[in-house]
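Text of work-v7.cif (mmCIF, C-alpha atoms) as supplied:
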data_upload
#
loop_
_atom_site.label_atom_id
_atom_site.label_comp_id
_atom_site.auth_asym_id
_atom_site.auth_seq_id
_atom_site.Cartn_x
_atom_site.Cartn_y
_atom_site.Cartn_z
CA MET I 64 -25.34 -37.61 127.47
CA MET I 65 -22.81 -37.87 124.65
CA LYS I 66 -19.49 -39.56 125.27
CA LYS I 67 -16.83 -36.98 126.01
CA ARG I 68 -14.10 -36.71 123.41
CA VAL I 69 -10.74 -36.26 125.11
CA LEU I 70 -7.41 -35.80 123.35
CA ALA I 71 -4.13 -35.40 125.19
CA THR I 72 -3.00 -31.87 124.53
CA ALA I 73 0.69 -32.72 124.43
CA VAL I 74 0.15 -35.44 121.84
CA ALA I 75 -2.04 -33.20 119.69
CA ALA I 76 0.47 -30.35 119.77
CA THR I 77 3.35 -32.70 118.89
CA THR I 78 1.43 -34.16 115.97
CA LEU I 79 0.69 -30.69 114.60
CA ALA I 80 4.30 -29.60 114.95
CA LEU I 81 5.60 -32.69 113.16
CA SER I 82 3.22 -32.05 110.27
CA GLY I 83 4.37 -28.44 109.98
CA MET I 84 0.93 -27.13 110.90
CA ALA I 85 1.57 -25.79 114.39
CA GLN I 86 0.12 -22.36 115.11
CA ALA I 87 1.63 -19.76 117.41
CA GLU I 88 -1.82 -18.61 118.50
CA VAL I 89 -5.48 -19.54 118.64
CA LYS I 90 -8.06 -16.86 117.87
CA VAL I 91 -11.42 -16.45 119.58
CA GLY I 92 -13.17 -13.33 118.30
CA PHE I 93 -15.28 -10.84 120.25
CA LEU I 94 -18.26 -9.11 118.64
CA GLY I 95 -19.59 -6.15 120.63
CA GLY I 96 -21.46 -2.88 120.34
CA PHE I 97 -18.43 -0.64 120.76
CA THR I 98 -20.45 2.16 119.18
CA GLY I 99 -24.21 2.69 119.23
CA GLY I 100 -26.87 1.88 121.78
CA ILE I 101 -24.73 0.04 124.33
CA GLU I 102 -21.34 1.66 123.74
CA SER I 103 -20.99 2.51 127.45
CA LEU I 104 -21.88 -1.07 128.46
CA THR I 105 -19.58 -2.88 126.03
CA PRO I 106 -16.10 -2.07 127.45
CA PRO I 107 -16.63 -3.80 130.83
CA ILE I 108 -18.20 -6.77 129.03
CA PHE I 109 -15.08 -7.03 126.86
CA ASP I 110 -12.94 -6.67 129.99
CA GLY I 111 -14.67 -9.72 131.44
CA ALA I 112 -13.83 -11.79 128.37
CA GLN I 113 -10.27 -10.45 128.33
CA LEU I 114 -9.77 -11.52 131.95
CA ALA I 115 -10.39 -15.12 130.90
CA VAL I 116 -7.95 -14.74 128.00
CA SER I 117 -5.24 -13.37 130.28
CA GLN I 118 -5.69 -16.21 132.78
CA VAL I 119 -5.35 -18.83 130.06
CA ASN I 120 -2.14 -17.25 128.76
CA GLU I 121 -0.64 -16.62 132.19
CA GLN I 122 -1.21 -20.28 133.09
CA GLY I 123 0.58 -21.77 130.10
CA GLY I 124 -1.70 -21.12 127.16
CA LEU I 125 -3.71 -23.79 125.38
CA LEU I 126 -3.04 -26.73 123.08
CA GLY I 127 0.49 -27.24 124.31
CA GLY I 128 1.41 -23.62 124.97
CA GLN I 129 -0.23 -21.64 122.19
CA GLU I 130 -1.38 -18.11 122.98
CA LEU I 131 -5.07 -17.29 123.08
CA VAL I 132 -5.81 -13.98 121.32
CA MET I 133 -9.10 -12.11 120.93
CA PRO I 134 -9.59 -9.86 117.88
CA THR I 135 -12.64 -7.59 118.09
CA GLY I 136 -15.39 -6.46 115.76
CA ASP I 137 -17.92 -3.63 116.19
CA THR I 138 -21.53 -4.55 115.43
CA THR I 139 -22.88 -1.09 116.48
CA CYS I 140 -25.60 -3.12 118.24
CA SER I 141 -28.41 -2.10 115.88
CA ASP I 142 -26.97 -2.30 112.35
CA ALA I 143 -27.41 -5.78 110.88
CA SER I 144 -25.05 -4.99 108.01
CA ALA I 145 -22.31 -3.90 110.41
CA ALA I 146 -22.81 -7.05 112.47
CA SER I 147 -22.68 -9.26 109.38
CA ASN I 148 -19.55 -7.52 108.09
CA ALA I 149 -17.79 -7.76 111.44
CA ALA I 150 -18.66 -11.45 111.72
CA ASP I 151 -17.55 -12.10 108.15
CA ARG I 152 -14.16 -10.56 108.93
CA MET I 153 -13.84 -12.75 112.03
CA VAL I 154 -14.82 -15.94 110.23
CA ASN I 155 -13.10 -15.49 106.86
CA THR I 156 -10.23 -13.05 107.43
CA GLU I 157 -9.21 -13.46 111.06
CA GLN I 158 -9.98 -17.19 110.80
CA VAL I 159 -11.19 -17.39 114.39
CA THR I 160 -11.95 -20.76 115.92
CA ALA I 161 -14.98 -19.40 117.82
CA ILE I 162 -16.71 -16.14 118.77
CA VAL I 163 -17.73 -14.53 122.05
CA GLY I 164 -20.81 -12.51 121.12
CA ALA I 165 -22.50 -10.78 119.75
CA LEU I 166 -24.15 -8.69 122.48
CA CYS I 167 -27.36 -7.21 121.06
CA THR I 168 -29.79 -9.82 119.81
CA GLY I 169 -30.17 -8.48 116.28
CA ALA I 170 -26.40 -8.44 115.92
CA THR I 171 -26.13 -12.03 117.12
CA ILE I 172 -28.81 -13.21 114.69
CA ALA I 173 -27.23 -11.36 111.75
CA ALA I 174 -23.72 -12.57 112.61
CA ALA I 175 -24.92 -16.16 112.98
CA ASN I 176 -27.03 -16.30 109.85
CA ASN I 177 -24.63 -14.52 107.53
CA ALA I 178 -21.21 -15.68 108.68
CA ALA I 179 -20.80 -17.90 111.73
CA VAL I 180 -23.23 -20.71 110.91
CA PRO I 181 -22.21 -20.93 107.22
CA GLY I 182 -18.57 -20.97 108.39
CA GLY I 183 -19.16 -23.62 111.06
CA VAL I 184 -18.09 -21.25 113.86
CA THR I 185 -19.42 -21.74 117.39
CA MET I 186 -20.76 -18.55 119.01
CA VAL I 187 -21.44 -17.92 122.71
CA SER I 188 -23.28 -14.69 123.45
CA PRO I 189 -23.00 -13.27 126.97
CA ALA I 190 -25.74 -10.68 126.48
CA SER I 191 -28.27 -11.56 123.74
CA THR I 192 -31.33 -12.12 125.88
CA ALA I 193 -34.21 -12.05 123.38
CA PRO I 194 -36.27 -15.22 122.94
CA ALA I 195 -35.57 -15.02 119.18
CA VAL I 196 -32.06 -16.39 119.76
CA THR I 197 -33.61 -19.71 120.80
CA HIS I 198 -35.07 -20.17 117.33
CA ILE I 199 -32.03 -19.50 115.13
CA ASP I 200 -31.49 -22.32 112.62
CA ASP I 201 -27.93 -22.71 113.85
CA ASN I 202 -26.81 -26.33 113.48
CA ASP I 203 -26.17 -26.27 117.26
CA LEU I 204 -23.56 -23.52 116.91
CA VAL I 205 -25.18 -20.63 118.83
CA PHE I 206 -25.14 -20.66 122.63
CA ARG I 207 -25.53 -18.06 125.37
CA THR I 208 -24.44 -17.71 128.97
CA VAL I 209 -27.36 -15.45 129.85
CA ALA I 210 -30.98 -16.43 130.33
CA SER I 211 -33.70 -15.56 127.83
CA ASP I 212 -35.80 -12.43 128.30
CA ALA I 213 -38.79 -14.72 128.47
CA PHE I 214 -37.61 -15.13 132.07
CA GLN I 215 -36.48 -11.53 132.72
CA GLY I 216 -39.79 -10.15 131.42
CA GLU I 217 -41.71 -12.38 133.80
CA MET I 218 -39.55 -11.36 136.75
CA LEU I 219 -39.89 -7.64 135.98
CA ALA I 220 -43.66 -8.00 135.81
CA LYS I 221 -43.85 -9.87 139.12
CA LEU I 222 -41.51 -7.39 140.79
CA LEU I 223 -43.73 -4.44 139.88
CA ILE I 224 -46.84 -6.18 141.14
CA THR I 225 -45.19 -6.86 144.52
CA LYS I 226 -44.33 -3.15 144.73
CA GLY I 227 -47.96 -2.21 144.22
CA ILE I 228 -47.41 -0.93 140.67
CA GLU I 229 -50.45 -2.38 138.95
CA GLU I 230 -50.86 -0.09 135.92
CA VAL I 231 -48.15 0.90 133.45
CA VAL I 232 -47.53 2.18 129.96
CA VAL I 233 -44.73 0.62 127.90
CA THR I 234 -42.52 1.74 125.04
CA TYR I 235 -39.95 -0.64 123.56
CA VAL I 236 -37.26 -0.38 120.91
CA ASN I 237 -38.57 -1.96 117.74
CA ASN I 238 -36.21 -4.91 117.35
CA ASP I 239 -35.93 -8.52 118.50
CA TYR I 240 -34.74 -7.48 121.96
CA GLY I 241 -37.45 -4.90 122.59
CA ARG I 242 -40.31 -6.92 121.14
CA GLY I 243 -39.37 -10.13 122.92
CA LEU I 244 -38.96 -8.44 126.28
CA SER I 245 -42.16 -6.44 125.91
CA ASP I 246 -44.17 -9.52 124.96
CA ALA I 247 -42.86 -11.51 127.93
CA PHE I 248 -43.41 -8.62 130.35
CA THR I 249 -46.91 -7.79 129.12
CA GLU I 250 -48.13 -11.37 129.16
CA GLU I 251 -46.98 -11.94 132.75
CA PHE I 252 -48.02 -8.50 134.03
CA GLU I 253 -51.56 -8.98 132.80
CA ALA I 254 -51.64 -12.57 134.06
CA GLU I 255 -50.75 -11.19 137.51
CA GLY I 256 -53.70 -8.79 137.36
CA GLY I 257 -51.82 -5.72 136.13
CA ILE I 258 -52.98 -3.37 133.37
CA VAL I 259 -50.82 -2.28 130.44
CA ALA I 260 -52.73 0.82 129.43
CA GLU I 261 -50.66 1.39 126.28
CA ASN I 262 -47.79 -0.44 124.60
CA LEU I 263 -45.92 1.32 121.78
CA ALA I 264 -42.90 0.40 119.71
CA HIS I 265 -40.38 3.10 118.82
CA GLU I 266 -37.47 3.18 116.40
CA ASP I 267 -33.96 3.50 117.73
CA ASN I 268 -31.61 6.47 117.13
CA ARG I 269 -34.26 9.15 116.66
CA ALA I 270 -34.01 12.63 118.12
CA ASP I 271 -37.67 13.03 119.07
CA TYR I 272 -40.12 10.66 120.76
CA ARG I 273 -42.64 13.27 121.89
CA SER I 274 -45.40 11.83 119.70
CA GLU I 275 -45.12 8.41 121.32
CA LEU I 276 -44.87 10.00 124.76
CA GLY I 277 -47.98 12.05 124.09
CA THR I 278 -49.94 8.90 123.32
CA LEU I 279 -48.60 7.17 126.41
CA SER I 280 -49.28 10.11 128.72
CA SER I 281 -52.84 10.50 127.47
CA THR I 282 -53.71 7.40 129.50
CA GLY I 283 -52.99 9.28 132.72
CA VAL I 284 -50.78 6.42 133.97
CA PRO I 285 -47.68 7.78 135.77
CA ASN I 286 -45.55 4.60 135.49
CA LEU I 287 -43.42 4.45 132.33
CA VAL I 288 -41.67 1.21 131.34
CA VAL I 289 -38.86 1.81 128.82
CA LEU I 290 -37.41 -1.33 127.22
CA ALA I 291 -34.55 0.08 125.17
CA TYR I 292 -30.89 1.14 125.37
CA ALA I 293 -29.26 3.49 127.84
CA ASP I 294 -27.12 5.24 125.22
CA THR I 295 -29.67 5.79 122.45
CA SER I 296 -33.48 5.70 122.37
CA GLY I 297 -33.96 4.78 126.01
CA GLN I 298 -32.01 7.80 127.16
CA THR I 299 -33.85 10.16 124.82
CA VAL I 300 -37.28 8.79 125.76
CA VAL I 301 -36.65 9.21 129.49
CA ARG I 302 -35.15 12.69 129.07
CA GLN I 303 -38.10 13.93 127.02
CA ALA I 304 -40.57 12.27 129.37
CA TYR I 305 -39.01 14.15 132.28
CA GLU I 306 -38.84 17.46 130.41
CA SER I 307 -42.56 17.25 129.69
CA GLY I 308 -43.45 16.32 133.27
CA MET I 309 -45.49 13.38 132.06
CA PHE I 310 -44.44 10.58 134.41
CA THR I 311 -43.27 10.09 137.99
CA GLN I 312 -41.93 6.52 137.98
CA TYR I 313 -39.41 5.21 135.45
CA ILE I 314 -38.87 1.48 134.93
CA GLY I 315 -36.45 -0.41 132.70
CA ALA I 316 -34.62 -3.65 132.06
CA ASP I 317 -31.00 -4.65 131.44
CA GLY I 318 -30.47 -2.45 128.38
CA MET I 319 -31.16 0.61 130.53
CA VAL I 320 -28.86 -0.35 133.42
CA GLY I 321 -25.91 1.94 132.78
CA ASP I 322 -24.62 4.89 134.76
CA SER I 323 -24.32 6.80 131.49
CA LEU I 324 -28.11 7.13 131.70
CA VAL I 325 -27.87 8.73 135.13
CA GLU I 326 -25.01 11.01 134.08
CA ALA I 327 -26.89 12.19 130.99
CA ILE I 328 -30.22 12.92 132.66
CA GLY I 329 -29.39 13.56 136.30
CA ALA I 330 -29.34 11.59 139.52
CA ASP I 331 -32.11 13.65 141.11
CA VAL I 332 -34.38 13.10 138.13
CA LEU I 333 -33.93 9.33 138.07
CA ASP I 334 -33.68 8.67 141.80
CA GLY I 335 -35.82 5.61 142.53
CA MET I 336 -35.91 4.28 138.97
CA ILE I 337 -36.54 0.52 139.00
CA ALA I 338 -34.94 -1.96 136.62
CA THR I 339 -33.95 -5.59 136.28
CA ARG I 340 -30.86 -7.26 134.84
CA PRO I 341 -29.53 -10.81 134.66
CA GLY I 342 -27.33 -11.65 137.62
CA SER I 343 -25.17 -14.40 139.02
CA PRO I 344 -26.24 -16.86 141.72
CA GLU I 345 -24.26 -17.07 144.94
CA LEU I 346 -21.96 -19.97 144.13
CA PRO I 347 -18.23 -20.58 144.74
CA GLY I 348 -17.48 -19.59 141.16
CA THR I 349 -19.16 -16.20 141.46
CA GLU I 350 -17.16 -15.35 144.59
CA MET I 351 -13.90 -16.39 142.93
CA PHE I 352 -14.64 -14.29 139.86
CA GLN I 353 -15.44 -11.25 141.97
CA ALA I 354 -12.08 -11.45 143.72
CA GLN I 355 -10.18 -12.09 140.47
CA ALA I 356 -11.94 -9.24 138.66
CA GLU I 357 -11.31 -6.77 141.45
CA GLU I 358 -7.64 -7.72 141.52
CA ALA I 359 -7.48 -7.06 137.78
CA GLY I 360 -9.17 -3.66 138.15
CA ILE I 361 -12.44 -4.85 136.61
CA ASP I 362 -15.90 -4.15 138.05
CA PRO I 363 -17.31 -7.66 138.69
CA SER I 364 -20.84 -6.26 138.98
CA ALA I 365 -20.84 -4.63 135.52
CA VAL I 366 -23.76 -5.81 133.39
CA PHE I 367 -22.84 -9.04 131.55
CA ALA I 368 -19.15 -8.92 132.58
CA ALA I 369 -19.41 -12.26 134.39
CA GLN I 370 -21.33 -13.82 131.51
CA ALA I 371 -18.64 -12.64 129.07
CA TYR I 372 -15.92 -14.13 131.25
CA ASP I 373 -17.77 -17.43 131.24
CA ALA I 374 -18.28 -17.37 127.47
CA ALA I 375 -14.55 -16.87 126.86
CA PHE I 376 -13.39 -19.37 129.49
CA LEU I 377 -15.86 -22.00 128.27
CA LEU I 378 -14.68 -21.64 124.68
CA ALA I 379 -11.05 -21.97 125.78
CA LEU I 380 -11.92 -25.11 127.74
CA ALA I 381 -13.80 -26.48 124.73
CA ILE I 382 -10.81 -25.89 122.44
CA GLU I 383 -8.52 -27.63 124.93
CA GLN I 384 -10.94 -30.54 125.26
CA HIS I 385 -11.32 -30.70 121.46
CA GLY I 386 -7.59 -31.08 121.15
CA SER I 387 -7.23 -28.64 118.27
CA ALA I 388 -8.28 -25.23 116.98
CA GLU I 389 -10.45 -26.82 114.29
CA ARG I 390 -14.01 -25.51 114.17
CA GLU I 391 -15.79 -28.78 113.44
CA GLY I 392 -16.90 -30.54 116.59
CA LEU I 393 -16.14 -27.63 118.92
CA ASN I 394 -19.82 -27.26 119.80
CA GLU I 395 -19.83 -30.84 121.10
CA ALA I 396 -16.76 -30.14 123.22
CA LEU I 397 -18.45 -27.00 124.56
CA ARG I 398 -21.44 -28.99 125.74
CA SER I 399 -19.08 -31.49 127.30
CA VAL I 400 -17.03 -29.10 129.42
CA ALA I 401 -20.13 -27.20 130.57
CA SER I 402 -22.07 -30.21 131.77
CA ALA I 403 -22.08 -32.70 134.61
CA PRO I 404 -20.74 -35.21 135.35
CA GLY I 405 -17.13 -34.22 135.72
CA GLU I 406 -14.49 -32.71 137.98
CA VAL I 407 -15.65 -29.18 138.83
CA ILE I 408 -13.60 -26.36 137.32
CA LEU I 409 -14.07 -22.86 138.75
CA PRO I 410 -13.06 -19.45 137.33
CA GLY I 411 -9.30 -19.12 136.96
CA GLU I 412 -8.58 -22.83 137.32
CA TRP I 413 -7.05 -23.18 133.88
CA GLU I 414 -3.95 -25.22 134.79
CA LYS I 415 -6.11 -27.66 136.74
CA ALA I 416 -8.44 -28.07 133.76
CA VAL I 417 -5.57 -28.71 131.33
CA GLU I 418 -4.10 -31.39 133.58
CA LEU I 419 -7.46 -33.13 133.96
CA ILE I 420 -8.18 -33.05 130.24
CA ALA I 421 -4.72 -34.44 129.45
CA ALA I 422 -5.37 -37.25 131.93
CA GLY I 423 -8.66 -38.13 130.26
CA THR I 424 -10.79 -36.88 133.17
CA GLU I 425 -14.18 -35.34 132.49
CA ILE I 426 -14.62 -31.73 133.62
CA ASN I 427 -17.64 -29.60 134.47
CA TYR I 428 -17.20 -25.81 134.47
CA GLU I 429 -19.19 -23.88 137.08
CA GLY I 430 -18.58 -20.26 136.32
CA ALA I 431 -18.69 -16.64 137.27
CA SER I 432 -22.36 -16.26 136.37
CA GLY I 433 -23.53 -19.71 137.46
CA THR I 434 -23.69 -23.20 136.02
CA HIS I 435 -24.15 -23.50 132.28
CA GLU I 436 -26.03 -26.67 131.54
CA PHE I 437 -26.99 -25.82 127.96
CA ASN I 438 -30.35 -27.15 126.83
CA ALA I 439 -31.06 -28.39 123.30
CA ASN I 440 -31.27 -24.79 122.04
CA GLY I 441 -28.05 -23.62 123.70
CA ASP I 442 -29.97 -21.73 126.39
CA VAL I 443 -29.24 -21.66 130.12
CA PRO I 444 -31.30 -21.00 133.27
CA GLY I 445 -30.58 -17.81 135.16
CA VAL I 446 -31.36 -15.36 137.93
CA VAL I 447 -32.57 -11.75 137.78
CA LEU I 448 -31.48 -8.85 139.98
CA GLU I 449 -33.59 -5.90 141.07
CA MET I 450 -31.76 -2.63 140.40
CA VAL I 451 -32.70 0.78 141.80
CA ILE I 452 -31.04 4.14 141.22
CA GLU I 453 -29.79 5.38 144.60
CA ASP I 454 -27.18 8.05 145.28
CA GLY I 455 -26.59 8.57 141.58
CA THR I 456 -25.96 4.97 140.55
CA PHE I 457 -27.75 1.73 139.82
CA THR I 458 -27.65 -0.35 143.01
CA SER I 459 -28.50 -4.04 143.33
CA LYS I 460 -31.29 -4.80 145.79
CA GLY I 461 -30.90 -8.56 145.48
CA TYR I 462 -32.48 -11.36 143.52
CA VAL I 463 -36.00 -11.21 142.16
CA ASP I 464 -37.27 -14.48 143.63
CA LEU I 465 -41.02 -14.51 143.46
#
Encoded form using structure tokens:
Amino acid sequence: MMKKRVLATAVAATTLALSGMAQAEVKVGFLGGFTGGIESLTPPIFDGAQLAVSQVNEQGGLLGGQELVMPTGDTTCSDASAASNAADRMVNTEQVTAIVGALCTGATIAAANNAAVPGGVTMVSPASTAPAVTHIDDNDLVFRTVASDAFQGEMLAKLLITKGIEEVVVTYVNNDYGRGLSDAFTEEFEAEGGIVAENLAHEDNRADYRSELGTLSSTGVPNLVVLAYADTSGQTVVRQAYESGMFTQYIGADGMVGDSLVEAIGADVLDGMIATRPGSPELPGTEMFQAQAEEAGIDPSAVFAAQAYDAAFLLALAIEQHGSAEREGLNEALRSVASAPGEVILPGEWEKAVELIAAGTEINYEGASGTHEFNANGDVPGVVLEMVIEDGTFTSKGYVDL
């Protein structure tokens, strides 16, 4: 493992002040789908990141007392141009040191390729789960605090088999997220002896999916897997499937886990719908985050909220360890603070971390959504939760551990 680079924060801040270069604030941007396919999921994700920002500032700030601020950009989730423009503004106008995000995979890839990587800006996505993120030519600048869908797809497939669901039809949103998840699910489902009777891509943001549904229903299979977004195509597909009386069991993944889906279609209609989503293991850090989030009025169980908290807190730790708000070398500091060996830092322990870093002590952050030992591609291991709609809301039934 690389040698940890440690600079005393007080010395670094004094040097900057003497040279007339001291900054009043350090910027870490947030790229999210505030409009579009996950607009109902984005606010609690942003809240998770903002909780980390508030803790840093309440406990003395970073780099000798500077304020951490988080400007935002809207990627719309599905528009690559919007994602590129938002990232360009962060990198070249806001002059952020790093970025939390993006959330949707296509947005993360566009933001990385067109702005962040050329600008040398480290990105940590809390929600981009598609396998395609692994293969970005990123100069070791793109990381994520959520596991790849290669894992979630396998877990969803195994979960259905254990429930006796051995034949399904699938429709997925035609982008990196949908394709990657569908491929992983289909490969594992068939390996487990299941049958995917039909597997169709669909385009997002259309008003009518009855043609695709007609093809799917012609198989006679009653189990419909929808790998899409709760606020756009996924919602429309499920609504039209119900209106036509074609299917009796609805199944989804993380992009569908939003109560806006239930509110739009009806609790009675969707009662018993099965889904999966990335979760957090039962570790001291997860319990601490839950208490801190609840105290702040944030839902700790919101999809990707814990992962967003970790992304923001990790980047703050990396900046502190780096000893400056300079972009170059921040990725190395990020790997350092996230990895053993080192004194364990848990959610909210900002003052403790600053003192250890100033003393030259190695640290190892163990966060709200688990440990984040980044591999060579910036990926992390993870856990998957089974979600079921009960009493009008998505309810966790525990880990998928098969």
Closest of I:Ile452, I:Gln355, I:Ala388, I:Phe252 to I:Tyr313 - atom-to-atom distances counting all atoms listed in the file: I:Ile452
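The list of residues with at least one atom within 9 Å of I:Ala87, based on all atoms listed in the file and without residues fewer than 4 positions apart in the same chain, reads I:Gly128, I:Gln129, I:Glu130.
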Create the file for the chosen residues now, containing C-alpha atoms and written as a tab-separated table (two decimals), in the coordinates of the input.
chain	number	residue	atom	x	y	z
I	128	GLY	CA	1.41	-23.62	124.97
I	129	GLN	CA	-0.23	-21.64	122.19
I	130	GLU	CA	-1.38	-18.11	122.98
Please produce, as CSV, a per-residue contact table for stretch 134-238 of chain I versus stretch 96-103 of chain I (criterion: any atom at most 7 Å away, only C-alpha atoms considered), showing the nearest atom pair and its distance in Å to one decimal, sorted by chain then residue number.
residue,atom,partner,partner_atom,distance
I:Asp137,CA,I:Phe97,CA,5.5
I:Thr138,CA,I:Gly96,CA,5.2
I:Thr139,CA,I:Gly96,CA,4.5
I:Cys140,CA,I:Gly96,CA,4.6
I:Leu166,CA,I:Gly96,CA,6.8
Using all atoms listed in the file for the distances, tell me which of I:Gln312, I:Ser144, I:Ser188, I:Thr156 is nearest to I:Thr171. I:Ser188
Residue IDs satisfying the PyMOL selection byres ((chain I and resi 221-235) around 7), as a ChimeraX atom specification: /I:217-220,236-237,241-242,245,252,257-265,279,284,286-291,463,465
Mind giving me the straight-line distance from atom CA of I:Met319 to atom CA of I:Asn268 in Å, one decimal? 14.6 Å
For the PyMOL selection byres ((chain I and resi 359) around 12), applied here, can you spell out every residue it catches as an MDAnalysis selection string? chainID I and resid 107 110:111 113:115 117:118 352:358 360:363
Save out the residues we just selected, C-alpha atoms, as a PDB file, in the frame of the given file.
ATOM      1  CA  PRO I 107     -16.630  -3.800 130.830  1.00  0.00           C
ATOM      2  CA  ASP I 110     -12.940  -6.670 129.990  1.00  0.00           C
ATOM      3  CA  GLY I 111     -14.670  -9.720 131.440  1.00  0.00           C
ATOM      4  CA  GLN I 113     -10.270 -10.450 128.330  1.00  0.00           C
ATOM      5  CA  LEU I 114      -9.770 -11.520 131.950  1.00  0.00           C
ATOM      6  CA  ALA I 115     -10.390 -15.120 130.900  1.00  0.00           C
ATOM      7  CA  SER I 117      -5.240 -13.370 130.280  1.00  0.00           C
ATOM      8  CA  GLN I 118      -5.690 -16.210 132.780  1.00  0.00           C
ATOM      9  CA  PHE I 352     -14.640 -14.290 139.860  1.00  0.00           C
ATOM     10  CA  GLN I 353     -15.440 -11.250 141.970  1.00  0.00           C
ATOM     11  CA  ALA I 354     -12.080 -11.450 143.720  1.00  0.00           C
ATOM     12  CA  GLN I 355     -10.180 -12.090 140.470  1.00  0.00           C
ATOM     13  CA  ALA I 356     -11.940  -9.240 138.660  1.00  0.00           C
ATOM     14  CA  GLU I 357     -11.310  -6.770 141.450  1.00  0.00           C
ATOM     15  CA  GLU I 358      -7.640  -7.720 141.520  1.00  0.00           C
ATOM     16  CA  GLY I 360      -9.170  -3.660 138.150  1.00  0.00           C
ATOM     17  CA  ILE I 361     -12.440  -4.850 136.610  1.00  0.00           C
ATOM     18  CA  ASP I 362     -15.900  -4.150 138.050  1.00  0.00           C
ATOM     19  CA  PRO I 363     -17.310  -7.660 138.690  1.00  0.00           C
TER      20      PRO I 363
END
Of the candidates I:Ala165, I:Ile382, I:Val451, I:Val443, which one gets nearest to I:Gly127 if we count only C-alpha atoms? I:Ile382
Shell of 9 Å around I:Leu276, only C-alpha atoms, local chain residues under 6 positions omitted, as a ChimeraX atom specification: /I:234,300,303-304,309
In the coordinates of the file, take the point (-34.8, 7.0, 120.8) and a cut-off of 6 Å; then, counting only C-alpha atoms, name each qualifying protein, DNA or RNA residue as a ChimeraX atom specification. /I:267-269,295-297,299-300
Which of I:Ala371, I:Ala403, I:Val205, I:Ala145 sits closest to I:Ala190 [using all atoms listed in the file]: I:Ala371
Which neighbours of I:Asp373 fall inside 10 Å, counting all atoms listed in the file, when residues of the same chain fewer than 2 positions from it are skipped, and could you give them as a CSV table (one decimal) with C-alpha atoms, in the coordinates of the input?
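Written output follows (result.csv):
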chain,number,residue,atom,x,y,z
I,111,GLY,CA,-14.7,-9.7,131.4
I,112,ALA,CA,-13.8,-11.8,128.4
I,114,LEU,CA,-9.8,-11.5,132.0
I,115,ALA,CA,-10.4,-15.1,130.9
I,163,VAL,CA,-17.7,-14.5,122.0
I,187,VAL,CA,-21.4,-17.9,122.7
I,188,SER,CA,-23.3,-14.7,123.4
I,189,PRO,CA,-23.0,-13.3,127.0
I,207,ARG,CA,-25.5,-18.1,125.4
I,208,THR,CA,-24.4,-17.7,129.0
I,209,VAL,CA,-27.4,-15.4,129.8
I,352,PHE,CA,-14.6,-14.3,139.9
I,367,PHE,CA,-22.8,-9.0,131.6
I,368,ALA,CA,-19.2,-8.9,132.6
I,369,ALA,CA,-19.4,-12.3,134.4
I,370,GLN,CA,-21.3,-13.8,131.5
I,371,ALA,CA,-18.6,-12.6,129.1
I,375,ALA,CA,-14.6,-16.9,126.9
I,376,PHE,CA,-13.4,-19.4,129.5
I,377,LEU,CA,-15.9,-22.0,128.3
I,378,LEU,CA,-14.7,-21.6,124.7
I,379,ALA,CA,-11.0,-22.0,125.8
I,409,LEU,CA,-14.1,-22.9,138.8
I,410,PRO,CA,-13.1,-19.4,137.3
I,428,TYR,CA,-17.2,-25.8,134.5
I,429,GLU,CA,-19.2,-23.9,137.1
I,430,GLY,CA,-18.6,-20.3,136.3
I,431,ALA,CA,-18.7,-16.6,137.3
I,432,SER,CA,-22.4,-16.3,136.4
I,433,GLY,CA,-23.5,-19.7,137.5
I,434,THR,CA,-23.7,-23.2,136.0
I,435,HIS,CA,-24.2,-23.5,132.3
Proximity to I:Glu350 - best of I:Gly411, I:Asp464, I:Ala396, I:Pro404, only C-alpha atoms: I:Gly411
For each of I:Leu94, I:Gly277, I:Val132, I:Met336, take the minimum atom-to-atom distance to I:Ile108, counting all atoms listed in the file, then give the residue where this is smallest. I:Leu94
What's the 6 Å shell around I:Gly405, counting all atoms listed in the file, without same-chain residues fewer than 6 positions away, as a ChimeraX atom specification? /I:425-427
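Atom CA of I:Glu345 lies 25.3 Å from atom CA of I:Asp454.
What separates atom CA of I:Gly182 from atom CA of I:Ile199 is a distance of 15.1 Å.
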With the PyMOL selection byres ((chain I and resi 456-459) around 9) as the selection, what would be picked from this file? Answer as number ranges by chain, please. I: 320-322, 325-326, 330, 334, 336-338, 448-455, 460-462
Go ahead and save the residues from that selection, with C-alpha atoms, as a CSV table (one decimal), in the coordinates of the input.
chain,number,residue,atom,x,y,z
I,320,VAL,CA,-28.9,-0.4,133.4
I,321,GLY,CA,-25.9,1.9,132.8
I,322,ASP,CA,-24.6,4.9,134.8
I,325,VAL,CA,-27.9,8.7,135.1
I,326,GLU,CA,-25.0,11.0,134.1
I,330,ALA,CA,-29.3,11.6,139.5
I,334,ASP,CA,-33.7,8.7,141.8
I,336,MET,CA,-35.9,4.3,139.0
I,337,ILE,CA,-36.5,0.5,139.0
I,338,ALA,CA,-34.9,-2.0,136.6
I,448,LEU,CA,-31.5,-8.8,140.0
I,449,GLU,CA,-33.6,-5.9,141.1
I,450,MET,CA,-31.8,-2.6,140.4
I,451,VAL,CA,-32.7,0.8,141.8
I,452,ILE,CA,-31.0,4.1,141.2
I,453,GLU,CA,-29.8,5.4,144.6
I,454,ASP,CA,-27.2,8.0,145.3
I,455,GLY,CA,-26.6,8.6,141.6
I,460,LYS,CA,-31.3,-4.8,145.8
I,461,GLY,CA,-30.9,-8.6,145.5
I,462,TYR,CA,-32.5,-11.4,143.5
